[in-house]
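Student: Sharing a structure, written as structure tokens. Questions coming.
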Amino acid sequence: MKLVLLGAPGAGKGTQAKKLIEKFGIPQISTGDLLRAAVAEGTELGKEAKSYMDKGELVPDSVVLGMMEERLSQDDCKNGYILDGFPRNTAQAEELDKMLDSLGMPLDAALSVEVPTEDLMKRLTGRRTCRECGQMYNIYFQPPAEEGKCDKCGGELFQRDDDKEETITKRLEVYQEQTAPLIDYYREKGILKTVTGTGDIDEIFQNVLQTLDAG
Ligand code: AMP
């Protein structure tokens, strides 16, 4: 399965990607995760990226494309991959197509996870992530048994810097302006699939599998 996940910040792409990895054993490649790792390590790339991320803006294409090219050429992508949070604009989508053609592993599908805008704000402001294992929670919809602590591993839960209210508004704007046009981009290529991203996480996942004919 070679898949791009599309959807606004907070649509649940990451959550569905994690379930797809468990089921199919293929890597999830999240540019957001790769960038946050670079920020945490304090690399030059991380320092450059952080200034954009903190404002809710997109990191320059040159930075992200270099990172993706390196990641997609690794051996574990040969049997498939799930791209989460990439591409984010038409220029990235066009470069991705070229990259995948030259690697001989073009996309099977672009899956758009659709959630009404009014739900996204609560999902994003409520989002918490485990520092140790990456498990995600939402203090409104899916709280941990004990506040601030991961149910799975006991790790500390934290709120991403860019999940603060002022940054979220900007991220949603950037999504509408730059990323939402990719829905048409993939529709025109004939590989767009859509799924509703509201409701129970496992039900959404069943719909994802059905939509992808991968049940
Ligand atoms: P995400 O975790 O996907 O919501 O990404 C968090 C932040 O990382 C975004 O708001 C951007 O600043 C940056 N980012 C992630 N993916 C990309 C990308 N493909 N292109 C540019 N910036 C990105």
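Identifiers for the structure tokens are assigned positionally: chains receive A, B, ... in sequence, residues are indexed from 1 per chain, and ligands are indexed from 1 in the order shown.
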DSSP says alpha helix (DSSP H) for which residues of region 81-215 of chain A? Put them as JSON, numbers by chain?

Tutor: {"A": [90, 91, 92, 93, 94, 95, 96, 97, 98, 99, 100, 101, 102, 103, 117, 118, 119, 120, 121, 122, 123, 124, 125, 165, 166, 167, 168, 169, 170, 171, 172, 173, 174, 181, 182, 183, 184, 185, 186, 187, 188, 201, 202, 203, 204, 205, 206, 207, 208, 209, 210, 211]}

Student: Name the residues in contact with Gln28 (chain A) at a cut-off of 9 Å, using only C-alpha atoms, excluding same-chain residues fewer than 4 positions from it; report them as JSON, numbers by chain.

Tutor: {"A": [14, 17, 18, 20, 21, 81, 82, 83, 84]}

Student: Let me see if you get this right: every residue at most 7 Å from ligand 1, counting only C-alpha atoms and all ligand atoms, written as a list in words.

Tutor: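 So, counting only C-alpha atoms and all ligand atoms, the residues near ligand 1 are Pro9, Ser30, Thr31, Gly32, Asp33, Leu35, Tyr52, Met53, Gly56, Glu57, Leu58, Val59, Pro60, Asp61, Val64, Asp84, Gly85, Phe86, Pro87, Arg88 and Arg171 of chain A.
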
Student: Which residue gives the smallest distance to Ile168 (chain A) among A:Leu103, A:Ala8, A:Cys153, A:Ala93, with only C-alpha atoms counted?

Tutor: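 Nearest candidate to Ile168 (chain A) out of A:Leu103, A:Ala8, A:Cys153, A:Ala93: A:Ala8.
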
Student: Could you jot down the CA of Thr15 (chain A) to CA of Tyr137 (chain A) separation for me, Å, one decimal place?

Tutor: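 Between CA of Thr15 (chain A) and CA of Tyr137 (chain A) the gap is 9.8 Å.
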
Student: Find the residue from A:Thr211, A:Thr194, A:Thr169, A:Asn89 that sits nearest to Leu65 (chain A); use only C-alpha atoms when measuring.

Tutor: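 When distances to Leu65 (chain A) are compared using only C-alpha atoms, the smallest one comes from A:Asn89.
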
Student: Measuring atom to atom with only C-alpha atoms, identify which of A:Phe24, A:Lys47, A:Leu96, A:Leu209 is nearest to Gly66 (chain A).

Tutor: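 Closest to Gly66 (chain A) of all the choices is A:Leu96.
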
Student: Ranking A:Glu48, A:Glu70, A:Glu146, A:Asp108 by minimum distance to Leu3 (chain A) and counting only C-alpha atoms, which one comes first?

Tutor: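 Checking each of A:Glu48, A:Glu70, A:Glu146, A:Asp108 against Leu3 (chain A), counting only C-alpha atoms, the winner is A:Asp108.
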
Student: Mind the document's chain letters and residue numbers, and return as a short mmCIF file (atom, residue, chain, number, x, y, z; two decimals) with N, CA, C and O atoms, in the first residue's frame the residues of chain A that DSSP labels strand (DSSP E).

Tutor:
data_model
loop_
_atom_site.label_atom_id
_atom_site.label_comp_id
_atom_site.auth_asym_id
_atom_site.auth_seq_id
_atom_site.Cartn_x
_atom_site.Cartn_y
_atom_site.Cartn_z
N LYS A 2 0.65 2.08 -1.01
CA LYS A 2 1.43 3.33 -1.08
C LYS A 2 0.43 4.47 -1.04
O LYS A 2 -0.31 4.70 -1.98
N LEU A 3 0.44 5.14 0.09
CA LEU A 3 -0.70 6.00 0.41
C LEU A 3 -0.28 7.37 0.91
O LEU A 3 0.67 7.50 1.68
N VAL A 4 -1.04 8.38 0.46
CA VAL A 4 -0.92 9.72 1.04
C VAL A 4 -2.17 9.97 1.87
O VAL A 4 -3.28 9.70 1.41
N LEU A 5 -2.00 10.46 3.10
CA LEU A 5 -3.16 10.84 3.91
C LEU A 5 -3.33 12.34 3.85
O LEU A 5 -2.39 13.08 4.15
N LEU A 6 -4.51 12.77 3.46
CA LEU A 6 -4.81 14.20 3.41
C LEU A 6 -5.84 14.52 4.48
O LEU A 6 -6.64 13.67 4.85
N GLN A 28 5.01 4.59 8.55
CA GLN A 28 4.30 5.88 8.44
C GLN A 28 5.40 6.93 8.36
O GLN A 28 6.32 6.93 9.18
N ILE A 29 5.33 7.77 7.38
CA ILE A 29 6.32 8.83 7.29
C ILE A 29 5.61 10.15 7.50
O ILE A 29 4.79 10.56 6.68
N SER A 30 5.87 10.76 8.64
CA SER A 30 5.21 12.01 8.98
C SER A 30 6.27 13.11 8.96
O SER A 30 7.23 13.07 9.74
N TYR A 81 4.23 2.51 1.98
CA TYR A 81 4.46 3.59 2.94
C TYR A 81 3.17 4.38 3.10
O TYR A 81 2.29 4.33 2.23
N ILE A 82 3.08 5.07 4.21
CA ILE A 82 1.95 5.96 4.45
C ILE A 82 2.51 7.35 4.70
O ILE A 82 3.26 7.55 5.67
N LEU A 83 2.20 8.28 3.84
CA LEU A 83 2.70 9.65 4.02
C LEU A 83 1.65 10.45 4.78
O LEU A 83 0.49 10.52 4.38
N ASP A 84 2.10 11.03 5.89
CA ASP A 84 1.17 11.72 6.79
C ASP A 84 1.68 13.15 6.96
O ASP A 84 2.74 13.38 7.51
N ALA A 109 -3.05 5.52 -3.77
CA ALA A 109 -4.23 6.30 -3.40
C ALA A 109 -3.85 7.50 -2.53
O ALA A 109 -2.82 7.50 -1.86
N ALA A 110 -4.73 8.51 -2.59
CA ALA A 110 -4.66 9.63 -1.64
C ALA A 110 -5.98 9.59 -0.89
O ALA A 110 -7.05 9.65 -1.50
N LEU A 111 -5.89 9.43 0.42
CA LEU A 111 -7.10 9.30 1.23
C LEU A 111 -7.32 10.58 2.02
O LEU A 111 -6.49 10.97 2.83
N SER A 112 -8.46 11.22 1.76
CA SER A 112 -8.77 12.47 2.46
C SER A 112 -9.68 12.17 3.65
O SER A 112 -10.76 11.60 3.50
N VAL A 113 -9.21 12.52 4.84
CA VAL A 113 -9.99 12.31 6.07
C VAL A 113 -10.72 13.63 6.37
O VAL A 113 -10.08 14.64 6.64
N GLU A 114 -12.06 13.59 6.29
CA GLU A 114 -12.82 14.84 6.34
C GLU A 114 -13.53 15.04 7.67
O GLU A 114 -14.27 14.17 8.13
N ARG A 127 -5.52 18.02 22.29
CA ARG A 127 -4.59 16.94 21.96
C ARG A 127 -3.40 16.89 22.91
O ARG A 127 -2.80 17.91 23.23
N ARG A 128 -3.08 15.70 23.38
CA ARG A 128 -1.88 15.48 24.21
C ARG A 128 -1.18 14.25 23.68
O ARG A 128 -1.82 13.31 23.23
N THR A 129 0.15 14.24 23.77
CA THR A 129 0.94 13.13 23.22
C THR A 129 1.87 12.61 24.30
O THR A 129 2.40 13.40 25.10
N CYS A 130 2.09 11.30 24.30
CA CYS A 130 3.03 10.73 25.28
C CYS A 130 4.46 10.98 24.83
O CYS A 130 4.83 10.70 23.69
N MET A 136 -1.41 9.02 21.39
CA MET A 136 -2.12 10.30 21.46
C MET A 136 -3.42 10.20 22.26
O MET A 136 -4.09 9.17 22.24
N TYR A 137 -3.75 11.28 22.92
CA TYR A 137 -4.99 11.37 23.71
C TYR A 137 -5.67 12.69 23.37
O TYR A 137 -5.10 13.56 22.72
N ASN A 138 -6.93 12.82 23.84
CA ASN A 138 -7.59 14.12 23.77
C ASN A 138 -8.30 14.33 25.10
O ASN A 138 -9.10 13.48 25.51
N LEU A 157 2.48 13.06 29.51
CA LEU A 157 1.78 13.59 28.35
C LEU A 157 2.09 15.07 28.19
O LEU A 157 2.17 15.79 29.18
N PHE A 158 2.28 15.50 26.95
CA PHE A 158 2.58 16.92 26.73
C PHE A 158 1.74 17.47 25.58
O PHE A 158 1.18 16.72 24.78
N LEU A 192 -8.10 9.73 -5.79
CA LEU A 192 -8.63 10.27 -4.53
C LEU A 192 -9.69 9.37 -3.93
O LEU A 192 -10.57 8.88 -4.62
N LYS A 193 -9.58 9.14 -2.62
CA LYS A 193 -10.63 8.44 -1.87
C LYS A 193 -10.94 9.32 -0.67
O LYS A 193 -10.06 10.00 -0.15
N THR A 194 -12.19 9.28 -0.20
CA THR A 194 -12.52 10.10 0.96
C THR A 194 -13.20 9.27 2.04
O THR A 194 -13.88 8.28 1.74
N VAL A 195 -13.00 9.69 3.27
CA VAL A 195 -13.62 9.01 4.40
C VAL A 195 -14.00 10.07 5.43
O VAL A 195 -13.31 11.08 5.56
N THR A 196 -15.12 9.83 6.14
CA THR A 196 -15.52 10.76 7.18
C THR A 196 -14.69 10.49 8.43
O THR A 196 -14.58 9.34 8.86
#

Student: Which of these, A:Gly104, A:Lys55, A:Gly10, A:Leu45, has the shortest distance to Ser73 (chain A) once you count only C-alpha atoms?

Tutor: A:Gly104

Student: Separation of CA of Glu188 (chain A) and CA of Met1 (chain A), in Å?

Tutor: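 Answer for the CA of Glu188 (chain A) to CA of Met1 (chain A) separation: 20.1 Å.
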
Student: Mind pulling up the distance from CA of Leu100 (chain A) to CA of Tyr186 (chain A)?

Tutor: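 These two atoms are separated by 14.7 Å.
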